[in-house]
Each structure stands twice: as C-alpha cells, then as structure tokens.
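Shown here: start-v4.cif, mmCIF, C-alpha atoms and all ligand atoms.
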data_work
#
loop_
_atom_site.label_atom_id
_atom_site.label_comp_id
_atom_site.auth_asym_id
_atom_site.auth_seq_id
_atom_site.Cartn_x
_atom_site.Cartn_y
_atom_site.Cartn_z
CA MET A 240 -117.95 -11.01 54.98
CA SER A 241 -120.69 -10.27 57.46
CA GLU A 242 -123.01 -12.77 55.82
CA ASN A 243 -120.34 -15.38 56.27
CA GLN A 244 -120.08 -14.59 59.99
CA ASP A 245 -123.85 -14.79 60.43
CA PHE A 246 -123.75 -18.23 58.85
CA HIS A 247 -121.07 -19.36 61.33
CA ASN A 248 -122.94 -17.94 64.29
CA ARG A 249 -126.11 -19.67 63.27
CA SER A 250 -124.47 -23.07 62.98
CA GLY A 251 -122.70 -22.45 66.31
CA MET A 252 -126.03 -21.69 67.91
CA LEU A 253 -127.57 -24.81 66.39
CA ALA A 254 -124.70 -26.94 67.70
CA PHE A 255 -125.12 -25.38 71.14
CA ILE A 256 -128.87 -25.97 71.23
CA GLY A 257 -128.36 -29.48 69.92
CA SER A 258 -125.86 -30.35 72.64
CA MET A 259 -128.07 -28.86 75.34
CA VAL A 260 -130.99 -30.99 74.13
CA PHE A 261 -128.75 -34.05 74.13
CA VAL A 262 -127.46 -33.37 77.67
CA THR A 263 -130.98 -32.77 78.95
CA LEU A 264 -132.34 -35.95 77.37
CA PHE A 265 -129.36 -37.95 78.67
CA PHE A 266 -129.91 -36.55 82.16
CA ILE A 267 -133.59 -37.52 82.05
CA TYR A 268 -132.55 -40.98 80.82
CA MET A 269 -130.09 -41.43 83.73
CA VAL A 270 -132.48 -40.24 86.39
CA THR A 271 -135.66 -41.96 85.27
CA ILE A 272 -134.80 -44.92 83.05
CA ASP A 273 -131.35 -46.35 83.89
CA LYS A 274 -130.42 -45.68 87.51
CA GLY A 275 -126.99 -47.28 87.03
CA VAL A 276 -125.22 -49.74 89.31
CA ASP A 277 -126.22 -50.18 92.94
CA LEU A 278 -122.86 -50.56 94.67
CA ALA A 279 -124.39 -52.50 97.56
CA GLU A 280 -126.32 -55.03 95.47
CA ASN A 281 -123.64 -57.73 95.46
CA ILE A 282 -122.73 -57.53 99.16
CA GLU A 283 -124.48 -60.39 100.87
CA VAL A 284 -122.72 -60.56 104.25
CA PRO A 285 -122.15 -57.38 106.24
CA LEU A 286 -118.38 -57.03 106.68
CA SER A 287 -118.61 -56.45 110.41
CA ASP A 288 -120.24 -59.86 110.98
CA ASP A 289 -117.24 -61.58 109.41
CA ALA A 290 -114.55 -59.76 111.37
CA PRO A 291 -113.56 -61.42 114.63
CA ALA A 292 -114.79 -59.30 117.53
CA TYR A 293 -112.11 -57.61 119.61
CA ASN A 294 -112.19 -58.98 123.15
CA LEU A 295 -111.30 -56.06 125.41
CA ALA A 296 -111.62 -58.17 128.56
CA ALA A 297 -108.91 -60.53 127.28
CA GLU A 298 -106.47 -57.74 126.24
CA PRO A 299 -103.25 -58.65 128.07
CA GLU A 300 -101.63 -55.18 127.82
CA PRO A 301 -104.50 -52.67 127.96
CA TRP A 302 -102.09 -49.84 128.84
CA VAL A 303 -100.69 -50.01 125.28
CA SER A 304 -102.81 -48.19 122.71
CA ASN A 305 -103.90 -49.80 119.45
CA PRO A 306 -106.72 -49.11 116.97
CA GLU A 307 -109.00 -51.79 118.41
CA ILE A 308 -108.72 -50.70 122.03
CA ILE A 309 -109.35 -47.10 120.93
CA LEU A 310 -112.60 -48.21 119.24
CA ALA A 311 -113.59 -50.13 122.37
CA GLY A 312 -112.77 -47.02 124.40
CA ALA A 313 -114.97 -44.85 122.19
CA LYS A 314 -117.85 -47.17 123.01
CA VAL A 315 -117.17 -46.96 126.76
CA TYR A 316 -116.97 -43.19 126.36
CA ARG A 317 -120.38 -42.96 124.68
CA GLN A 318 -121.95 -45.07 127.41
CA ALA A 319 -120.27 -43.68 130.54
CA CYS A 320 -118.81 -40.23 129.86
CA ALA A 321 -120.57 -38.45 126.97
CA LEU A 322 -123.50 -37.34 129.11
CA CYS A 323 -121.28 -34.97 131.10
CA HIS A 324 -118.30 -34.38 128.80
CA GLY A 325 -120.30 -34.08 125.57
CA ALA A 326 -120.48 -36.52 122.65
CA ASN A 327 -117.14 -35.28 121.32
CA GLY A 328 -115.49 -34.46 124.66
CA ASP A 329 -115.78 -30.72 124.12
CA LEU A 330 -118.79 -30.19 126.43
CA VAL A 331 -121.08 -29.47 123.45
CA GLY A 332 -124.44 -31.00 124.40
CA SER A 333 -123.25 -31.74 127.93
CA SER A 334 -125.79 -31.84 130.74
CA VAL A 335 -122.99 -30.98 133.23
CA PRO A 336 -121.20 -27.92 131.82
CA THR A 337 -118.84 -27.80 134.82
CA ALA A 338 -117.23 -31.02 133.54
CA ARG A 339 -113.80 -30.66 131.95
CA ASN A 340 -113.39 -29.97 128.24
CA LEU A 341 -111.34 -33.06 127.35
CA VAL A 342 -110.40 -31.76 123.89
CA GLU A 343 -108.92 -28.57 125.30
CA GLY A 344 -107.28 -30.75 127.97
CA ALA A 345 -106.66 -28.10 130.64
CA TRP A 346 -105.99 -30.90 133.16
CA THR A 347 -106.18 -30.01 136.84
CA GLN A 348 -105.16 -33.45 138.08
CA GLY A 349 -102.05 -33.64 135.92
CA GLY A 350 -101.94 -34.75 132.29
CA GLY A 351 -100.97 -38.13 130.93
CA LEU A 352 -102.26 -41.68 130.95
CA ILE A 353 -101.28 -42.41 134.56
CA ASN A 354 -103.00 -39.35 136.00
CA HIS A 355 -106.11 -39.98 133.91
CA PHE A 356 -106.22 -43.54 135.20
CA LYS A 357 -106.01 -42.21 138.78
CA VAL A 358 -108.91 -39.84 138.08
CA LEU A 359 -111.03 -42.75 136.86
CA GLN A 360 -109.92 -44.86 139.82
CA ASN A 361 -110.55 -42.26 142.53
CA GLY A 362 -112.76 -39.62 140.96
CA ILE A 363 -112.17 -35.98 141.82
CA PRO A 364 -113.49 -35.64 145.38
CA GLY A 365 -115.98 -32.84 145.93
CA THR A 366 -117.00 -32.74 142.24
CA GLN A 367 -119.41 -34.65 140.04
CA MET A 368 -116.46 -36.59 138.60
CA ALA A 369 -117.02 -39.87 140.44
CA SER A 370 -114.78 -42.92 140.71
CA PHE A 371 -115.37 -45.45 137.93
CA SER A 372 -113.48 -48.29 139.59
CA ALA A 373 -116.72 -50.15 140.37
CA GLN A 374 -118.59 -49.29 137.17
CA LEU A 375 -115.79 -50.02 134.68
CA THR A 376 -113.15 -52.76 134.61
CA ALA A 377 -109.50 -51.68 134.56
CA ASN A 378 -109.36 -52.67 130.85
CA GLU A 379 -112.40 -50.51 130.09
CA ARG A 380 -110.79 -47.59 131.92
CA TRP A 381 -107.52 -47.96 129.94
CA ALA A 382 -109.57 -48.19 126.73
CA VAL A 383 -111.44 -44.95 127.40
CA ILE A 384 -108.17 -43.22 128.32
CA HIS A 385 -106.65 -44.27 124.98
CA PHE A 386 -109.75 -42.89 123.27
CA ILE A 387 -109.33 -39.56 125.11
CA GLU A 388 -105.72 -39.42 123.86
CA THR A 389 -107.09 -39.39 120.32
CA ILE A 390 -109.39 -36.39 120.92
CA THR A 391 -107.37 -34.21 123.27
CA ASN A 392 -104.99 -31.46 122.19
CA ASN A 393 -103.03 -31.91 125.43
CA LYS A 394 -101.60 -35.37 124.94
CA SER A 395 -99.79 -37.68 127.34
CA GLN A 396 -96.05 -37.20 127.80
CA ASP A 397 -95.83 -40.35 129.93
CA ASN A 398 -92.98 -42.74 129.23
CA PRO A 399 -94.47 -46.09 128.04
CA GLU A 400 -92.27 -48.01 130.49
CA ASP A 401 -93.55 -45.96 133.44
CA VAL A 402 -97.11 -46.53 132.26
CA ALA A 403 -96.56 -50.30 132.03
CA GLU A 404 -95.04 -50.40 135.50
CA PHE A 405 -97.88 -48.34 136.98
CA ALA A 406 -100.51 -50.38 135.13
CA LYS A 407 -99.30 -53.73 136.42
CA ALA A 408 -99.90 -52.57 139.99
CA ALA A 409 -103.10 -50.59 139.27
CA LYS A 410 -106.52 -52.10 139.70
C1 LIG B 501 -121.71 -36.96 136.15
C2 LIG B 501 -120.89 -36.27 135.20
C3 LIG B 501 -119.59 -36.90 134.76
C4 LIG B 501 -119.42 -38.13 134.18
C5 LIG B 501 -120.46 -39.19 133.87
C6 LIG B 501 -118.01 -38.22 133.87
N1 LIG B 501 -117.36 -37.09 134.25
FE1 LIG B 501 -115.38 -36.71 134.03
N2 LIG B 501 -115.62 -34.92 134.97
C7 LIG B 501 -116.81 -34.42 135.43
C8 LIG B 501 -116.58 -33.15 136.08
C9 LIG B 501 -117.65 -32.25 136.69
C10 LIG B 501 -115.18 -32.92 135.99
C11 LIG B 501 -114.43 -31.69 136.50
C12 LIG B 501 -114.28 -31.80 138.00
C13 LIG B 501 -113.56 -30.60 138.55
O1 LIG B 501 -114.22 -29.62 138.85
O2 LIG B 501 -112.32 -30.66 138.63
C14 LIG B 501 -114.62 -34.05 135.29
C15 LIG B 501 -113.28 -34.19 134.99
C16 LIG B 501 -112.74 -35.22 134.25
C17 LIG B 501 -111.36 -35.29 133.82
C18 LIG B 501 -110.31 -34.22 134.05
C19 LIG B 501 -109.21 -34.54 134.96
C20 LIG B 501 -108.22 -33.42 135.00
O3 LIG B 501 -107.05 -33.69 135.23
O4 LIG B 501 -108.59 -32.26 134.81
C21 LIG B 501 -111.22 -36.44 133.10
C22 LIG B 501 -109.97 -36.95 132.42
C23 LIG B 501 -112.52 -37.07 133.08
N3 LIG B 501 -113.41 -36.31 133.78
C24 LIG B 501 -112.78 -38.24 132.43
C25 LIG B 501 -114.01 -38.87 132.43
C26 LIG B 501 -114.25 -40.14 131.81
C27 LIG B 501 -113.24 -40.93 131.00
C28 LIG B 501 -115.54 -40.45 132.05
C29 LIG B 501 -116.28 -41.70 131.66
C30 LIG B 501 -115.72 -42.94 132.09
C31 LIG B 501 -116.11 -39.36 132.82
N4 LIG B 501 -115.16 -38.42 133.04
C32 LIG B 501 -117.42 -39.30 133.24
C33 LIG B 501 -118.05 -35.01 135.31
C34 LIG B 501 -118.30 -36.26 134.81
#
Would you mind writing the structure in this file as structure tokens?
Ligand code: HEC
Amino acid sequence: MSENQDFHNRSGMLAFIGSMVFVTLFFIYMVTIDKGVDLAENIEVPLSDDAPAYNLAAEPEPWVSNPEIILAGAKVYRQACALCHGANGDLVGSSVPTARNLVEGAWTQGGGLINHFKVLQNGIPGTQMASFSAQLTANERWAVIHFIETITNNKSQDNPEDVAEFAKAAK
C-alpha cells in the first residue's frame, strides 16, 4: 500500500519538475529568442496626421460643448491656466496657491458657463485672476470653459438657450 503511494508521489514529483523545466525554458525562449509581434510595426502613418484638424477659430457655436472643443480647451488650459490652477485644476503643482481649486468648484463669482465666461472676460478685480479678453479669443475662452466643465465637481446648471443668447452678445 505504502509502496504504491511512494510510487505515485515520485511520478507526481517528476511531472512537476518536468513542467517547471518546460515553463522555464519556454520563458527563456520567449524573452531571448522570439520576442513575438511588434504591434506598431505595420503602422506607417501616425493616425493623428490623417485626421482633419479641428479648427476652433471657425467653430460657429463655441458655446455648445463637444469632444473636439473640449480637447482644444484642454490645450488652452495647459498654456494659459495650469501655471496658477495646477495641471489638473486642483492647485497641485500651482505656483499661485491662492488661485481657485477648479475641481472642487467653490465658485465665488457664481457657477455656470455664463459666469465663468464673465470671469475670463473681466478677471476678478483685486486678485491675480486677470482678464483674458485680450490674450484669448472668445472661442478659446468658451473652449477652456467647456474643458473646466469636464473636471469640476460643481457643474453648470445654465440653460443652453440662455447660454446661447448670452454668447451671441458676448465678446
Ligand atoms: C496668474 C495666475 C492665474 C492664471 C494664469 C489664471 N488664474 Fe484663474 N484664478 C486665479 C486666482 C488667484 C483666482 C482666485 C481669485 C480670488 O481670490 O477670488 C482665480 C479664479 C478663477 C476662477 C474662479 C471663479 C469663481 O467663480 O470662483 C476661474 C473659473 C478661473 N480662475 C479660471 C481660469 C482660467 C480658465 C484660466 C486660464 C485661461 C485662469 N483662470 C488663469 C489665478 C489665475
């Protein structure tokens, strides 16, 4: 009986050692000899070069959000706002920690797209938040506002019709 069991254990051990040797050799083969398929090897043209560029300046209704204007807004944000508000809008890495945390969105000038546009138009007098009406076009300001909508927890409650009406008169 016990002899029988020893026999089984021995062959089990041999099978185990054998499979470990196989796995190890196969691993060495994969890492050193056949590195497999390079997923990028057949891509000749970078996809982004093929896609038509979004023309923010020609956007006829910049007060309406869409994925492309949000991307354009993210770019404006990196260039004009990230220094003070932080790369992600939460003041992390900011050089002006008195700037507002845009993610938290504890707005002092009123929430919503229209009030944000007014802040960018006029600045907040007496603070380091300057007017951007000279530095950014109206379309760039709408774009960055749409981007902020995507990162803030305190989102706009503005009625789209009111925003459109305000936007047509705003410069
Ligand atoms: C020189 C630093 C600086 C830059 C650059 C800057 N901000 Fe500000 N921003 C501030 C400060 C400081 C405040 C808070 C002012 C205060 O004390 O109320 C503020 C406040 C705000 C607010 C809050 C308004 C509210 O209702 O509370 C918004 C929105 C805002 N900034 C958006 C932007 C956007 C968008 C940009 C880029 C186009 C930008 N800021 C660039 C410093 C800056």
What do you get as an MDAnalysis selection string if you pick all residues at most 8 Å from ligand LIG 501 (chain B), counting only C-alpha atoms and all ligand atoms? chainID A and resid 315:316 318:324 334:341 344:350 354:355 358:359 362:363 365:369 371 375 380 383:384 387
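Computed from the coordinates, the CA of Glu379 (chain A) to CA of Leu295 (chain A) distance equals 7.3 Å.
Taking CA of Asn327 (chain A) and CA of Ile309 (chain A) as endpoints, the distance between them is 14.2 Å.
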Find the distance between CA of Ser304 (chain A) and CA of Thr389 (chain A) and write it in Å to one decimal. 10.1 Å
So, counting all atoms listed in the file, which residue among A:Ile267, A:Thr376, A:Leu352, A:Trp381 is closest to Ala313 (chain A)?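 The closest residue to Ala313 (chain A) is A:Trp381.
Counting only C-alpha atoms and comparing A:Ile390, A:Pro306, A:Ser250, A:Tyr293, the residue that lies closest to Ala326 (chain A) is A:Ile390.
Using only C-alpha atoms, the shortest contact distance between Asn361 (chain A) and any of A:Lys410, A:Pro399, A:Gly312, A:Lys394 is found at A:Lys410.
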Complete the atoms of region 262-274 of chain A to N, CA and C atoms and put them out as a compact mmCIF listing (two decimals), keeping the file's coordinate frame.
# COMPACT_ATOMS: atom_id res chain seq x y z
N VAL A 262 -127.80 -33.26 76.25
CA VAL A 262 -127.46 -33.37 77.67
C VAL A 262 -128.73 -33.52 78.51
N THR A 263 -129.74 -32.72 78.19
CA THR A 263 -130.98 -32.77 78.95
C THR A 263 -131.64 -34.14 78.83
N LEU A 264 -131.71 -34.64 77.57
CA LEU A 264 -132.34 -35.95 77.37
C LEU A 264 -131.54 -37.04 78.08
N PHE A 265 -130.20 -36.94 78.03
CA PHE A 265 -129.36 -37.95 78.67
C PHE A 265 -129.55 -37.91 80.19
N PHE A 266 -129.68 -36.71 80.71
CA PHE A 266 -129.91 -36.55 82.16
C PHE A 266 -131.23 -37.21 82.56
N ILE A 267 -132.28 -36.93 81.76
CA ILE A 267 -133.59 -37.52 82.05
C ILE A 267 -133.50 -39.05 81.98
N TYR A 268 -132.73 -39.54 80.98
CA TYR A 268 -132.55 -40.98 80.82
C TYR A 268 -131.89 -41.57 82.08
N MET A 269 -130.83 -40.92 82.56
CA MET A 269 -130.09 -41.43 83.73
C MET A 269 -130.95 -41.44 84.98
N VAL A 270 -131.73 -40.37 85.15
CA VAL A 270 -132.48 -40.24 86.39
C VAL A 270 -133.70 -41.14 86.40
N THR A 271 -134.37 -41.26 85.24
CA THR A 271 -135.66 -41.96 85.27
C THR A 271 -135.60 -43.37 84.70
N ILE A 272 -134.73 -43.62 83.73
CA ILE A 272 -134.80 -44.92 83.05
C ILE A 272 -133.72 -45.87 83.55
N ASP A 273 -132.44 -45.47 83.47
CA ASP A 273 -131.35 -46.35 83.89
C ASP A 273 -130.67 -45.75 85.11
N LYS A 274 -130.96 -46.27 86.28
CA LYS A 274 -130.42 -45.68 87.51
C LYS A 274 -128.99 -46.12 87.78
